[in-house]
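For reference, start.cif (mmCIF, C-alpha atoms):
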```cif
data_start
loop_
_atom_site.group_PDB
_atom_site.id
_atom_site.type_symbol
_atom_site.label_atom_id
_atom_site.label_comp_id
_atom_site.auth_asym_id
_atom_site.auth_seq_id
_atom_site.Cartn_x
_atom_site.Cartn_y
_atom_site.Cartn_z
ATOM 1 C CA MET A 1 24.313 42.001 5.302
ATOM 2 C CA MET A 2 21.614 41.453 7.902
ATOM 3 C CA HIS A 3 18.963 41.837 5.213
ATOM 4 C CA ALA A 4 20.577 39.068 3.145
ATOM 5 C CA PHE A 5 20.865 36.858 6.230
ATOM 6 C CA ILE A 6 17.186 37.294 7.181
ATOM 7 C CA ALA A 7 16.081 36.764 3.580
ATOM 8 C CA GLY A 8 18.106 33.575 3.372
ATOM 9 C CA PHE A 9 16.748 32.267 6.664
ATOM 10 C CA GLY A 10 13.138 32.961 5.657
ATOM 11 C CA LEU A 11 13.569 31.395 2.238
ATOM 12 C CA GLY A 12 15.280 28.306 3.630
ATOM 13 C CA LEU A 13 12.618 27.766 6.263
ATOM 14 C CA SER A 14 9.740 28.199 3.818
ATOM 15 C CA LEU A 15 11.228 25.650 1.412
ATOM 16 C CA ILE A 16 12.173 23.014 3.964
ATOM 17 C CA LEU A 17 8.786 23.038 5.723
ATOM 18 C CA ALA A 18 7.225 21.278 2.749
ATOM 19 C CA ILE A 19 6.493 17.591 3.378
ATOM 20 C CA GLY A 20 9.066 15.424 1.656
ATOM 21 C CA ALA A 21 10.921 12.139 1.780
ATOM 22 C CA GLN A 22 13.811 13.504 3.825
ATOM 23 C CA ASN A 23 11.569 15.136 6.421
ATOM 24 C CA ALA A 24 9.493 11.982 6.811
ATOM 25 C CA PHE A 25 12.668 9.971 7.400
ATOM 26 C CA VAL A 26 13.934 12.405 10.055
ATOM 27 C CA LEU A 27 10.533 12.329 11.767
ATOM 28 C CA ARG A 28 10.503 8.542 11.947
ATOM 29 C CA GLN A 29 14.044 8.401 13.299
ATOM 30 C CA GLY A 30 13.080 10.972 15.913
ATOM 31 C CA LEU A 31 10.112 8.892 16.991
ATOM 32 C CA ARG A 32 12.331 5.825 17.257
ATOM 33 C CA GLN A 33 14.992 7.914 19.052
ATOM 34 C CA GLU A 34 17.604 6.178 16.941
ATOM 35 C CA HIS A 35 20.756 7.946 15.673
ATOM 36 C CA VAL A 36 18.887 11.265 15.817
ATOM 37 C CA LEU A 37 21.978 13.450 16.299
ATOM 38 C CA TRP A 38 23.828 11.940 13.341
ATOM 39 C CA ILE A 39 20.772 12.099 11.097
ATOM 40 C CA CYS A 40 20.227 15.785 11.882
ATOM 41 C CA VAL A 41 23.917 16.558 11.367
ATOM 42 C CA VAL A 42 24.063 14.740 8.009
ATOM 43 C CA CYS A 43 20.886 16.419 6.736
ATOM 44 C CA ALA A 44 22.022 19.877 7.817
ATOM 45 C CA LEU A 45 25.529 19.420 6.387
ATOM 46 C CA SER A 46 24.137 18.099 3.111
ATOM 47 C CA ASP A 47 21.902 21.135 2.801
ATOM 48 C CA ALA A 48 24.833 23.421 3.617
ATOM 49 C CA VAL A 49 26.924 21.861 0.829
ATOM 50 C CA LEU A 50 24.090 22.028 -1.708
ATOM 51 C CA ILE A 51 23.089 25.578 -0.795
ATOM 52 C CA THR A 52 26.681 26.785 -1.033
ATOM 53 C CA ALA A 53 27.097 25.041 -4.383
ATOM 54 C CA GLY A 54 23.900 26.598 -5.692
ATOM 55 C CA VAL A 55 24.759 30.107 -4.575
ATOM 56 C CA PHE A 56 28.273 29.938 -5.986
ATOM 57 C CA GLY A 57 27.504 28.475 -9.378
ATOM 58 C CA PHE A 58 26.553 24.773 -9.389
ATOM 59 C CA ALA A 59 23.186 25.680 -10.902
ATOM 60 C CA VAL A 60 25.051 26.643 -14.074
ATOM 61 C CA LEU A 61 26.654 23.178 -14.179
ATOM 62 C CA VAL A 62 23.298 21.396 -13.890
ATOM 63 C CA GLU A 63 21.799 23.528 -16.644
ATOM 64 C CA ARG A 64 24.782 22.866 -18.921
ATOM 65 C CA PHE A 65 24.778 19.090 -18.476
ATOM 66 C CA ALA A 66 21.147 18.077 -18.964
ATOM 67 C CA TRP A 67 21.971 14.357 -18.650
ATOM 68 C CA LEU A 68 22.906 14.893 -14.997
ATOM 69 C CA ALA A 69 19.419 16.111 -14.149
ATOM 70 C CA VAL A 70 17.839 13.187 -16.042
ATOM 71 C CA TRP A 71 20.028 10.620 -14.272
ATOM 72 C CA LEU A 72 19.221 12.069 -10.859
ATOM 73 C CA ARG A 73 15.511 12.068 -11.659
ATOM 74 C CA TYR A 74 15.312 8.369 -12.534
ATOM 75 C CA ALA A 75 17.728 7.213 -9.835
ATOM 76 C CA GLY A 76 15.774 9.193 -7.251
ATOM 77 C CA ALA A 77 12.443 7.775 -8.438
ATOM 78 C CA ALA A 78 13.763 4.203 -8.216
ATOM 79 C CA PHE A 79 15.037 4.740 -4.699
ATOM 80 C CA LEU A 80 11.782 6.369 -3.524
ATOM 81 C CA PHE A 81 9.664 3.539 -4.945
ATOM 82 C CA CYS A 82 11.803 0.944 -3.163
ATOM 83 C CA TYR A 83 11.761 2.780 0.148
ATOM 84 C CA GLY A 84 8.031 3.466 -0.194
ATOM 85 C CA ALA A 85 7.358 -0.239 -0.762
ATOM 86 C CA ARG A 86 9.396 -1.023 2.357
ATOM 87 C CA SER A 87 7.318 1.408 4.436
ATOM 88 C CA LEU A 88 4.008 0.112 3.090
ATOM 89 C CA TRP A 89 5.076 -3.459 3.827
ATOM 90 C CA ALA A 90 5.946 -2.420 7.378
ATOM 91 C CA ALA A 91 2.473 -0.912 7.753
ATOM 92 C CA LEU A 92 0.907 -4.301 6.921
ATOM 93 C CA ARG A 93 2.986 -6.361 9.339
ATOM 94 C CA HIS A 94 1.908 -7.598 12.754
ATOM 95 C CA ASP A 95 1.264 -5.012 15.437
ATOM 96 C CA GLU A 96 3.970 -6.144 17.782
ATOM 97 C CA VAL A 97 6.691 -5.567 15.183
ATOM 98 C CA LEU A 98 5.757 -1.905 14.997
ATOM 99 C CA LEU A 99 5.994 -1.215 18.710
ATOM 100 C CA PRO A 100 8.904 1.182 19.392
ATOM 101 C CA GLY A 101 10.400 -1.069 22.047
ATOM 102 C CA ASP A 102 10.264 -4.169 19.864
ATOM 103 C CA THR A 103 11.725 -2.809 16.644
ATOM 104 C CA ALA A 104 15.176 -4.168 15.962
ATOM 105 C CA PRO A 105 17.838 -1.435 16.081
ATOM 106 C CA VAL A 106 19.387 -0.484 12.778
ATOM 107 C CA SER A 107 23.120 0.150 12.608
ATOM 108 C CA LEU A 108 24.387 3.705 12.338
ATOM 109 C CA LEU A 109 26.104 2.955 9.020
ATOM 110 C CA ALA A 110 22.943 1.534 7.436
ATOM 111 C CA THR A 111 20.843 4.428 8.735
ATOM 112 C CA LEU A 112 23.279 7.010 7.406
ATOM 113 C CA GLY A 113 23.308 5.228 4.059
ATOM 114 C CA VAL A 114 19.536 5.583 3.755
ATOM 115 C CA CYS A 115 19.717 9.198 4.921
ATOM 116 C CA LEU A 116 22.374 10.086 2.337
ATOM 117 C CA ALA A 117 20.425 8.358 -0.435
ATOM 118 C CA MET A 118 17.230 10.099 0.669
ATOM 119 C CA THR A 119 19.034 13.417 0.349
ATOM 120 C CA TRP A 120 21.401 13.104 -2.594
ATOM 121 C CA LEU A 121 19.160 10.961 -4.854
ATOM 122 C CA ASN A 122 16.187 13.286 -4.495
ATOM 123 C CA PRO A 123 16.063 15.725 -7.448
ATOM 124 C CA HIS A 124 13.619 17.919 -5.500
ATOM 125 C CA VAL A 125 16.441 18.679 -3.088
ATOM 126 C CA TYR A 126 18.567 19.968 -5.960
ATOM 127 C CA LEU A 127 15.674 21.994 -7.321
ATOM 128 C CA ASP A 128 15.185 23.742 -3.975
ATOM 129 C CA THR A 129 18.740 24.108 -2.706
ATOM 130 C CA VAL A 130 20.771 24.421 -5.904
ATOM 131 C CA VAL A 131 18.534 25.864 -8.607
ATOM 132 C CA LEU A 132 15.950 27.901 -6.704
ATOM 133 C CA ILE A 133 18.119 29.196 -3.859
ATOM 134 C CA GLY A 134 21.020 29.655 -6.268
ATOM 135 C CA SER A 135 18.952 31.809 -8.598
ATOM 136 C CA ILE A 136 17.429 33.913 -5.814
ATOM 137 C CA SER A 137 20.860 34.527 -4.303
ATOM 138 C CA THR A 138 21.791 36.587 -7.375
ATOM 139 C CA ARG A 139 19.699 39.386 -5.878
ATOM 140 C CA TYR A 140 22.272 39.710 -3.106
ATOM 141 C CA ASP A 141 25.419 40.369 -5.090
ATOM 142 C CA GLY A 142 28.348 40.817 -2.729
ATOM 143 C CA GLN A 143 26.320 39.420 0.176
ATOM 144 C CA GLN A 144 26.298 35.757 -0.776
ATOM 145 C CA TRP A 145 27.862 34.512 2.443
ATOM 146 C CA PRO A 146 25.272 36.124 4.786
ATOM 147 C CA PHE A 147 22.590 34.686 2.496
ATOM 148 C CA VAL A 148 24.183 31.213 2.602
ATOM 149 C CA ILE A 149 24.593 31.342 6.394
ATOM 150 C CA GLY A 150 20.967 32.398 6.891
ATOM 151 C CA THR A 151 19.616 29.692 4.600
ATOM 152 C CA THR A 152 21.827 27.024 6.146
ATOM 153 C CA LEU A 153 20.846 28.056 9.673
ATOM 154 C CA ALA A 154 17.192 27.529 8.722
ATOM 155 C CA SER A 155 18.016 23.913 7.806
ATOM 156 C CA VAL A 156 19.884 23.367 11.082
ATOM 157 C CA VAL A 157 17.011 24.752 13.165
ATOM 158 C CA PHE A 158 14.398 22.739 11.275
ATOM 159 C CA PHE A 159 16.119 19.346 11.270
ATOM 160 C CA PHE A 160 17.098 19.448 14.929
ATOM 161 C CA SER A 161 13.616 20.671 15.920
ATOM 162 C CA LEU A 162 11.986 17.906 13.883
ATOM 163 C CA GLY A 163 14.355 15.166 15.028
ATOM 164 C CA TYR A 164 14.271 15.938 18.730
ATOM 165 C CA GLY A 165 10.773 17.427 18.838
ATOM 166 C CA ALA A 166 9.361 14.170 17.488
ATOM 167 C CA SER A 167 9.932 12.617 20.919
ATOM 168 C CA LEU A 168 7.014 14.694 22.205
ATOM 169 C CA LEU A 169 4.753 12.546 20.022
ATOM 170 C CA ARG A 170 5.983 9.253 21.463
ATOM 171 C CA PRO A 171 2.875 8.776 23.689
ATOM 172 C CA VAL A 172 0.753 8.862 20.539
ATOM 173 C CA PHE A 173 3.001 6.324 18.838
ATOM 174 C CA ALA A 174 2.900 3.986 21.815
ATOM 175 C CA ARG A 175 -0.119 2.537 20.008
ATOM 176 C CA PRO A 176 0.767 0.167 17.153
ATOM 177 C CA VAL A 177 -1.967 1.608 14.927
ATOM 178 C CA ALA A 178 -0.183 4.983 14.948
ATOM 179 C CA TRP A 179 2.959 3.353 13.559
ATOM 180 C CA LYS A 180 0.860 1.668 10.892
ATOM 181 C CA VAL A 181 -0.586 5.040 9.861
ATOM 182 C CA LEU A 182 2.835 6.716 9.879
ATOM 183 C CA ASP A 183 4.447 3.967 7.804
ATOM 184 C CA GLY A 184 1.517 4.050 5.397
ATOM 185 C CA LEU A 185 1.726 7.832 4.989
ATOM 186 C CA ILE A 186 5.484 7.694 4.527
ATOM 187 C CA GLY A 187 5.139 4.958 1.902
ATOM 188 C CA LEU A 188 2.471 6.852 -0.022
ATOM 189 C CA THR A 189 4.498 10.074 0.219
ATOM 190 C CA MET A 190 7.554 8.298 -1.228
ATOM 191 C CA TRP A 191 5.522 6.813 -4.066
ATOM 192 C CA GLY A 192 3.844 10.128 -4.796
ATOM 193 C CA ILE A 193 7.157 11.948 -5.026
ATOM 194 C CA GLY A 194 8.662 9.116 -7.086
ATOM 195 C CA ALA A 195 5.743 9.200 -9.520
ATOM 196 C CA SER A 196 6.016 12.954 -9.893
ATOM 197 C CA LEU A 197 9.652 12.543 -10.947
ATOM 198 C CA LEU A 198 8.609 10.284 -13.827
ATOM 199 C CA LEU A 199 5.979 12.660 -15.175
ATOM 200 C CA PRO A 200 7.001 14.785 -18.171
ATOM 201 C CA ASN A 201 7.762 18.403 -17.436
ATOM 202 C CA PRO A 202 4.757 20.646 -18.161
ATOM 203 C CA GLY A 203 5.021 22.619 -21.343
#
```
Now that the file is in, can you turn its structure into structure tokens?
Amino acid sequence: MMHAFIAGFGLGLSLILAIGAQNAFVLRQGLRQEHVLWICVVCALSDAVLITAGVFGFAVLVERFAWLAVWLRYAGAAFLFCYGARSLWAALRHDEVLLPGDTAPVSLLATLGVCLAMTWLNPHVYLDTVVLIGSISTRYDGQQWPFVIGTTLASVVFFFSLGYGASLLRPVFARPVAWKVLDGLIGLTMWGIGASLLLPNPG
């Protein structure tokens, strides 16, 4: 059981460390110190649900209904292009708007809405948590729960470390130019991921 737990934790951590739309969003919220706890909780819970679904058979459902994967791909691309445009526009605005103390607070409901869309409309999330983790979990027959717990714990550790650890970078982001760079990188990351979703599958 411990072997399955450690394997799940290592796999989950290696997958989630990749730069993505969700991670960039958590980082920015951590820098703003805005709704960090709720964002980390929602991201971790979403991963827990998706990982559990993947390990216990949702991957079979996705493979059986091909239209579901196609719908998620285009819906996710549209959302990422819109959010990327918003970030790039923010990077071009006046310096004083980007200062942490001057940015208008965003409501918890609106922030959670973006966070949920960033998670559940991103087909890459399903590929990692449902398909990939679900398929690898078959190696641990009879030990699925230790594997799920280990993988989920990796998500919890990562999101809370990223969300609250981002505050250590606040001195750097006291300069408006740093916010411009961050918003620009986030926007380009969103567009890059969105474009990759529209490309035909190789082979």
Exercise. Using all atoms listed in the file, which residue out of A:Ala117, A:Leu182, A:Ala154, A:Val177 lies closest to Ser14 (chain A)?
Worked result: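 Of A:Ala117, A:Leu182, A:Ala154, A:Val177, the one nearest Ser14 (chain A), counting all atoms listed in the file, is A:Ala154.
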Seminar exercise, completed: re CA of Phe81 (chain A) and CA of Thr189 (chain A): distance 9.8 Å
Problem set entry | Expected selection from the PyMOL selection byres ((chain A and resi 87) around 9), given as a count of residues only | 18
Exercise. If you measure from CA of Met118 (chain A) to CA of Pro176 (chain A), what distance in Å do you get, rounded to one decimal?
Worked result: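 Separation between CA of Met118 (chain A) and CA of Pro176 (chain A): 25.3 Å.
Residues selected in this file by the PyMOL selection byres ((chain A and resi 129) around 9) comprise Gly12, Leu15, Asp47, Ala48, Leu50, Ile51, Thr52, Ala53, Gly54, Val55, His124, Val125, Tyr126, Leu127, Asp128, Val130, Val131, Leu132, Ile133 and Gly134 of chain A.
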